[in-house]
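**Student:** Enclosed is the structure file my_file-v2.tsv (TSV, C-alpha atoms).
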chain	number	residue	atom	x	y	z
O	1	MET	CA	0.00	0.00	0.00
O	2	ASN	CA	1.00	3.59	-0.60
O	3	VAL	CA	1.67	5.62	2.55
O	4	LEU	CA	2.18	9.39	2.81
O	5	ILE	CA	4.18	10.36	5.91
O	6	VAL	CA	3.49	13.99	6.83
O	7	GLU	CA	6.08	14.89	9.45
O	8	ASP	CA	8.36	17.92	9.84
O	9	ASN	CA	10.79	16.10	12.16
O	10	LYS	CA	13.04	14.73	9.44
O	11	GLU	CA	14.77	12.21	11.71
O	12	LEU	CA	11.45	10.70	12.81
O	13	ALA	CA	10.10	10.79	9.26
O	14	VAL	CA	13.08	8.82	7.95
O	15	GLU	CA	12.82	6.34	10.84
O	16	VAL	CA	9.15	5.66	10.04
O	17	TYR	CA	9.90	5.60	6.30
O	18	ASP	CA	12.65	2.99	6.65
O	19	PHE	CA	10.58	0.81	8.98
O	20	LEU	CA	7.51	0.79	6.73
O	21	CYS	CA	9.50	0.28	3.52
O	22	ASN	CA	11.15	-2.75	5.11
O	23	ALA	CA	7.65	-4.00	5.98
O	24	GLY	CA	6.61	-3.84	2.32
O	25	TYR	CA	4.85	-0.47	2.14
O	26	ILE	CA	5.55	2.15	-0.54
O	27	CYS	CA	6.21	5.46	1.22
O	28	LYS	CA	6.67	9.14	0.48
O	29	ILE	CA	7.54	11.92	2.93
O	30	ALA	CA	6.01	15.41	3.07
O	31	ASN	CA	7.48	17.89	5.57
O	32	ASN	CA	4.70	20.50	5.67
O	33	CYS	CA	1.05	21.18	4.83
O	34	ALA	CA	1.75	22.42	1.31
O	35	GLU	CA	3.78	19.35	0.37
O	36	ALA	CA	1.17	17.06	1.93
O	37	LEU	CA	-1.69	18.55	-0.09
O	38	GLU	CA	0.39	18.56	-3.28
O	39	GLU	CA	1.26	14.88	-2.85
O	40	PHE	CA	-2.33	14.01	-1.98
O	41	GLY	CA	-3.53	15.73	-5.14
O	42	SER	CA	-0.88	14.11	-7.36
O	43	ASN	CA	-0.91	10.49	-6.21
O	44	ASP	CA	-3.38	7.92	-4.92
O	45	TYR	CA	-2.44	7.05	-1.32
O	46	ASP	CA	-4.02	4.43	0.91
O	47	ILE	CA	-2.86	5.82	4.26
O	48	MET	CA	-1.69	9.20	5.52
O	49	LEU	CA	0.32	9.43	8.74
O	50	LEU	CA	-0.35	13.02	9.75
O	51	ASP	CA	1.56	15.14	12.25
O	52	LEU	CA	-0.38	18.10	13.65
O	53	GLY	CA	2.42	20.58	14.43
O	54	LEU	CA	3.62	21.48	10.95
O	55	PRO	CA	5.74	24.57	10.12
O	56	ASP	CA	3.26	26.17	7.70
O	57	GLY	CA	0.01	25.33	9.44
O	58	ASP	CA	-1.93	22.82	11.50
O	59	GLY	CA	-2.34	19.20	10.46
O	60	PHE	CA	-6.07	19.56	11.14
O	61	GLU	CA	-6.20	21.91	8.13
O	62	VAL	CA	-4.79	19.14	5.94
O	63	LEU	CA	-7.29	16.66	7.37
O	64	GLN	CA	-10.21	19.00	6.68
O	65	ALA	CA	-9.04	19.64	3.13
O	66	ILE	CA	-8.74	15.96	2.17
O	67	ARG	CA	-12.06	14.99	3.79
O	68	LYS	CA	-13.82	17.63	1.68
O	69	THR	CA	-12.74	15.66	-1.40
O	70	LYS	CA	-14.63	12.56	-0.15
O	71	SER	CA	-11.38	10.59	-0.44
O	72	LYS	CA	-11.34	7.21	1.29
O	73	ILE	CA	-7.69	7.57	2.31
O	74	ALA	CA	-7.10	6.35	5.87
O	75	VAL	CA	-5.64	9.01	8.18
O	76	ILE	CA	-3.76	8.21	11.37
O	77	VAL	CA	-2.82	11.30	13.36
O	78	LEU	CA	0.67	11.16	14.90
O	79	THR	CA	1.36	13.96	17.34
O	80	ALA	CA	2.91	14.97	20.62
O	81	ARG	CA	-0.39	16.64	21.49
O	82	GLY	CA	-2.12	14.07	23.63
O	83	GLU	CA	-4.86	16.25	25.07
O	84	LEU	CA	-8.36	14.78	24.98
O	85	ASP	CA	-9.80	17.77	23.09
O	86	ASP	CA	-7.26	17.33	20.28
O	87	ARG	CA	-8.01	13.63	19.98
O	88	ILE	CA	-11.76	14.26	19.87
O	89	ASN	CA	-11.32	17.09	17.34
O	90	GLY	CA	-9.20	14.89	15.09
O	91	LEU	CA	-11.73	12.07	15.13
O	92	HIS	CA	-14.61	14.47	14.45
O	93	LEU	CA	-12.71	15.88	11.45
O	94	GLY	CA	-12.31	12.42	9.96
O	95	ALA	CA	-9.17	10.84	11.41
O	96	ASP	CA	-9.34	7.06	11.56
O	97	ASP	CA	-6.98	6.69	14.52
O	98	TYR	CA	-4.75	8.71	16.82
O	99	LEU	CA	-1.28	7.84	18.10
O	100	THR	CA	0.58	10.02	20.59
O	101	LYS	CA	4.36	10.47	20.38
O	102	PRO	CA	6.58	8.81	21.35
O	103	PHE	CA	5.22	5.56	19.94
O	104	ALA	CA	6.58	2.14	19.09
O	105	LEU	CA	6.91	1.45	15.38
O	106	THR	CA	5.40	-1.98	15.89
O	107	GLU	CA	2.29	-0.39	17.41
O	108	LEU	CA	2.07	1.99	14.44
O	109	ALA	CA	2.19	-0.97	12.03
O	110	ALA	CA	-0.51	-2.80	13.99
O	111	ARG	CA	-2.78	0.25	14.00
O	112	MET	CA	-2.25	0.78	10.26
O	113	PHE	CA	-3.23	-2.82	9.55
O	114	ALA	CA	-6.29	-2.52	11.82
O	115	VAL	CA	-7.44	0.68	10.09
O	116	VAL	CA	-7.07	-0.83	6.62
O	117	ARG	CA	-8.96	-3.96	7.69
O	118	ARG	CA	-11.79	-1.82	9.03
O	119	ILE	CA	-11.99	0.40	5.94
O	120	HIS	CA	-12.03	-2.54	3.54
O	121	GLY	CA	-14.58	-4.42	5.64
O	122	PHE	CA	-12.66	-7.52	6.66
O	123	THR	CA	-11.82	-8.51	10.19
O	124	LEU	CA	-9.23	-11.25	9.83
O	125	ASN	CA	-5.83	-11.71	8.24
O	126	ASN	CA	-7.42	-13.65	5.37
O	127	LEU	CA	-9.18	-12.73	2.14
O	128	SER	CA	-10.95	-15.29	-0.02
O	129	ILE	CA	-12.15	-15.15	-3.61
O	130	HIS	CA	-13.44	-18.02	-5.75
O	131	GLY	CA	-11.69	-20.66	-3.66
O	132	PHE	CA	-8.40	-18.80	-3.36
O	133	LEU	CA	-7.20	-17.80	0.11
O	134	LEU	CA	-4.90	-14.80	0.60
O	135	GLN	CA	-3.05	-14.51	3.93
O	136	LEU	CA	-2.29	-10.82	4.03
O	137	GLN	CA	0.40	-10.57	6.67
O	138	ASP	CA	2.23	-13.69	5.50
O	139	TYR	CA	2.07	-12.93	1.75
O	140	LYS	CA	0.74	-16.42	1.06
O	141	VAL	CA	-1.87	-17.64	-1.43
O	142	SER	CA	-3.44	-21.08	-1.60
O	143	PHE	CA	-6.24	-22.93	-3.38
O	144	SER	CA	-7.91	-25.87	-1.62
O	145	ASP	CA	-4.97	-25.92	0.82
O	146	GLN	CA	-2.47	-26.11	-2.07
O	147	PRO	CA	0.11	-23.31	-1.76
O	148	ILE	CA	0.69	-21.12	-4.81
O	149	SER	CA	4.09	-19.53	-5.29
O	150	LEU	CA	3.67	-15.85	-6.19
O	151	THR	CA	6.26	-13.10	-6.39
O	152	LYS	CA	5.81	-10.08	-4.12
O	153	LYS	CA	4.51	-7.97	-7.03
O	154	GLU	CA	2.09	-10.69	-8.14
O	155	PHE	CA	0.74	-10.98	-4.60
O	156	ASP	CA	0.36	-7.19	-4.30
O	157	ILE	CA	-1.53	-7.02	-7.59
O	158	PHE	CA	-3.83	-9.89	-6.64
O	159	GLN	CA	-4.49	-8.45	-3.19
O	160	TYR	CA	-5.24	-4.97	-4.54
O	161	LEU	CA	-7.65	-6.27	-7.16
O	162	VAL	CA	-9.44	-8.47	-4.60
O	163	LEU	CA	-9.77	-5.56	-2.17
O	164	ASN	CA	-11.32	-3.58	-5.03
O	165	LYS	CA	-13.43	-6.44	-6.41
O	166	ASN	CA	-16.19	-5.55	-8.88
O	167	ARG	CA	-14.35	-2.31	-9.75
O	168	VAL	CA	-12.25	-1.66	-12.83
O	169	ILE	CA	-8.69	-0.86	-11.75
O	170	THR	CA	-6.71	0.99	-14.39
O	171	ARG	CA	-3.10	0.29	-15.25
O	172	LEU	CA	-2.27	3.72	-13.88
O	173	GLN	CA	-3.87	2.88	-10.53
O	174	LEU	CA	-1.90	-0.36	-10.35
O	175	THR	CA	1.26	1.58	-11.14
O	176	GLU	CA	0.59	4.03	-8.32
O	177	HIS	CA	-0.29	1.40	-5.73
O	178	ILE	CA	2.25	-1.29	-6.55
O	179	TRP	CA	5.22	0.66	-7.86
O	180	GLY	CA	4.85	3.97	-6.02
O	181	ASP	CA	4.98	7.55	-7.25
O	182	ILE	CA	3.48	7.78	-10.75
O	183	LEU	CA	6.09	10.39	-11.64
O	184	GLU	CA	8.90	7.92	-11.03
O	185	VAL	CA	7.73	5.06	-13.24
O	186	ASN	CA	6.76	4.60	-16.85
O	187	SER	CA	3.09	3.67	-16.68
O	188	ASP	CA	2.97	3.21	-20.46
O	189	SER	CA	5.32	0.25	-20.44
O	190	ASN	CA	3.97	-3.30	-20.47
O	191	PHE	CA	5.54	-4.45	-17.21
O	192	ILE	CA	2.14	-4.32	-15.47
O	193	ASP	CA	0.63	-6.57	-18.13
O	194	VAL	CA	3.57	-8.98	-17.82
O	195	HIS	CA	3.06	-9.35	-14.06
O	196	VAL	CA	-0.69	-9.76	-14.47
O	197	ARG	CA	-0.22	-12.34	-17.22
O	198	ASN	CA	2.15	-14.36	-15.01
O	199	LEU	CA	-0.27	-14.11	-12.08
O	200	ARG	CA	-3.18	-15.32	-14.19
O	201	LYS	CA	-1.19	-18.30	-15.48
O	202	LYS	CA	-0.43	-19.40	-11.91
O	203	LEU	CA	-4.05	-19.04	-10.80
O	204	ASP	CA	-5.45	-20.69	-13.92
O	205	LYS	CA	-3.52	-23.87	-13.15
O	206	HIS	CA	-5.90	-24.48	-10.24
O	207	THR	CA	-9.29	-23.41	-11.57
O	208	ALA	CA	-10.91	-21.44	-14.37
O	209	ILE	CA	-10.50	-17.71	-13.75
O	210	ASP	CA	-13.07	-16.18	-16.08
O	211	TRP	CA	-13.88	-13.84	-13.16
O	212	PHE	CA	-10.40	-12.23	-13.59
O	213	GLU	CA	-11.36	-9.84	-16.36
O	214	THR	CA	-9.22	-7.72	-18.68
O	215	VAL	CA	-11.05	-4.51	-19.54
O	216	ARG	CA	-9.73	-3.62	-22.97
O	217	ASN	CA	-7.55	-0.49	-23.11
O	218	VAL	CA	-8.35	0.29	-19.47
O	219	GLY	CA	-7.17	-2.24	-16.90
O	220	TYR	CA	-8.46	-5.19	-14.88
O	221	ARG	CA	-11.39	-6.23	-12.73
O	222	ILE	CA	-12.01	-9.16	-10.40
O	223	ASN	CA	-15.70	-10.01	-10.24
O	224	GLU	CA	-17.34	-11.72	-7.30
Since I need it in another form, could you write the structure as structure tokens?

**Tutor:**
Amino acid sequence: MNVLIVEDNKELAVEVYDFLCNAGYICKIANNCAEALEEFGSNDYDIMLLDLGLPDGDGFEVLQAIRKTKSKIAVIVLTARGELDDRINGLHLGADDYLTKPFALTELAARMFAVVRRIHGFTLNNLSIHGFLLQLQDYKVSFSDQPISLTKKEFDIFQYLVLNKNRVITRLQLTEHIWGDILEVNSDSNFIDVHVRNLRKKLDKHTAIDWFETVRNVGYRINE
């Protein structure tokens, strides 16, 4: 998943960035309100980790601005301000969770996973679709208890399409979510199609996958 870290403490931002990248997330750092809103407008992020005390404004202003767009991005507020009024205000403005500094990185990861589970409507580590079982935290896929060997990119593509089942996901969206910043990759190349083709071959060995649809000149859709 794509994560935007909005934090003006550069040392802390890098620490969180390194930890989450090692955990498999794709991350970008913004150091102030202006950068945060620019990144939010330019790329499709799944989670924003939002500090409140920013040099050019209050993080609550960023939160208000993104909620006006009706975006479904998850927002976890990270701040040294632990007062009850601030926590209540953040939740009223649309924050999904609140974590007071200092915090353990492992707790941050657990809260991120819990927020994503809640937003996408599943309560366990597992996702299932047409007999396939995805174990999200373990990056494992199986069919009728038979393990299927997928690469990290193949798993990420499959997971993202399943989470967005019955919706057409464009190649550009897959580029943003699986490979990161759209400005840093060539979304016109065929590497997305190559990964999808390899994924479909592996799944098709176990059962017919007519529900894994290619939408011509647009992208892909998994139908339930």

**Student:** Of the candidates O:Ser42, O:Gln64, O:Gln173, O:Asn198, which shows the shortest atom-to-atom distance to Glu154 in chain O, using all atoms listed in the file?

**Tutor:**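 Closest to Glu154 in chain O of all the choices is O:Asn198.
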
**Student:** Any chance you could tabulate, as CSV, the residues of range 17-116 of chain O at most 10 Å from range 122-142 of chain O with each one's nearest atom pair and distance in Å to one decimal, using all atoms listed in the file, in chain and rising number order?

**Tutor:**
residue,atom,partner,partner_atom,distance
O:Ala23,CA,O:Gln137,CA,9.8
O:Phe113,CA,O:Gln137,CA,9.0
O:Ala114,CA,O:Thr123,CA,8.3
O:Val116,CA,O:Phe122,CA,8.7

**Student:** Just want the 10 Å neighbourhood of Phe103 in chain O, counted on all atoms listed in the file, with same-chain residues fewer than 5 positions away dropped. Output as a list in words.

**Tutor:**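 Here the qualifying residues turn out to be Leu78, Thr79, Ala80 and Leu108 of chain O.
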
**Student:** Just give me the gap between CA of Glu39 in chain O and CA of Leu172 in chain O in Å, one decimal is fine.

**Tutor:** 16.1 Å

**Student:** Given only C-alpha atoms as the basis, pick out the residue of O:Asn223, O:Asn31, O:Asn22, O:Thr100 nearest to Asn164 in chain O.

**Tutor:**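 Using only C-alpha atoms, the shortest distance to Asn164 in chain O belongs to O:Asn223.
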
**Student:** When you draw a straight line from CA of Leu54 in chain O to CA of Asn32 in chain O, how long is it in Å?

**Tutor:**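 These atoms are spaced 5.5 Å apart.
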
**Student:** From the list O:Ala208, O:Ile76, O:Leu12, O:Ile26, which residue is nearest Gly94 in chain O when using all atoms listed in the file?

**Tutor:**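 Going through O:Ala208, O:Ile76, O:Leu12, O:Ile26 one by one, the smallest distance to Gly94 in chain O is for O:Ile76.
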
**Student:** In terms of the shortest atom-to-atom distance over all atoms listed in the file, which of O:Val62, O:Val218, O:Ala13, O:Ala110 is closest to Asp97 in chain O?

**Tutor:**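 Ranking O:Val62, O:Val218, O:Ala13, O:Ala110 by distance to Asp97 in chain O, first place goes to O:Ala110.
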
**Student:** For each of O:Ser144, O:Asn9, O:Asn2, O:Thr69, take the minimum atom-to-atom distance to Met48 in chain O, counting only C-alpha atoms, then give the residue where this is smallest.

**Tutor:**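 So, comparing all the options, the nearest one is O:Asn2.
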
**Student:** Around (-0.7, 16.6, 15.2) in the file's frame, which residues reach within 7 Å when counting only C-alpha atoms? Return as a count of residues only?

**Tutor:** 10

**Student:** What's the 10 Å shell around Glu213 in chain O, counting only C-alpha atoms, without same-chain residues fewer than 3 positions away, as a ChimeraX atom specification?

**Tutor:** /O:166,168,209-210,216,219-223

**Student:** Tell me, as a list of chain:residue names, which residues lie within 12 Å of Ala65 in chain O, counting all atoms listed in the file; anything in the same chain fewer than 3 positions away does not count.

**Tutor:**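 Counting all atoms listed in the file, the residues come to O:Cys33, O:Ala34, O:Ala36, O:Leu37, O:Glu38, O:Phe40, O:Gly41, O:Asp58, O:Gly59, O:Phe60, O:Glu61, O:Val62, O:Lys68, O:Thr69, O:Lys70, O:Ser71, O:Leu93, O:Gly94.
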
**Student:** For CA of Gly57 in chain O and CA of Ala109 in chain O, determine how far apart the two atoms are, in Å to one decimal place.

**Tutor:** 26.5 Å

**Student:** Ranking O:Glu224, O:Asp46, O:Glu7, O:Asp96 by minimum distance to Arg118 in chain O and counting only C-alpha atoms, which one comes first?

**Tutor:**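 Of O:Glu224, O:Asp46, O:Glu7, O:Asp96, the one nearest Arg118 in chain O, counting only C-alpha atoms, is O:Asp96.
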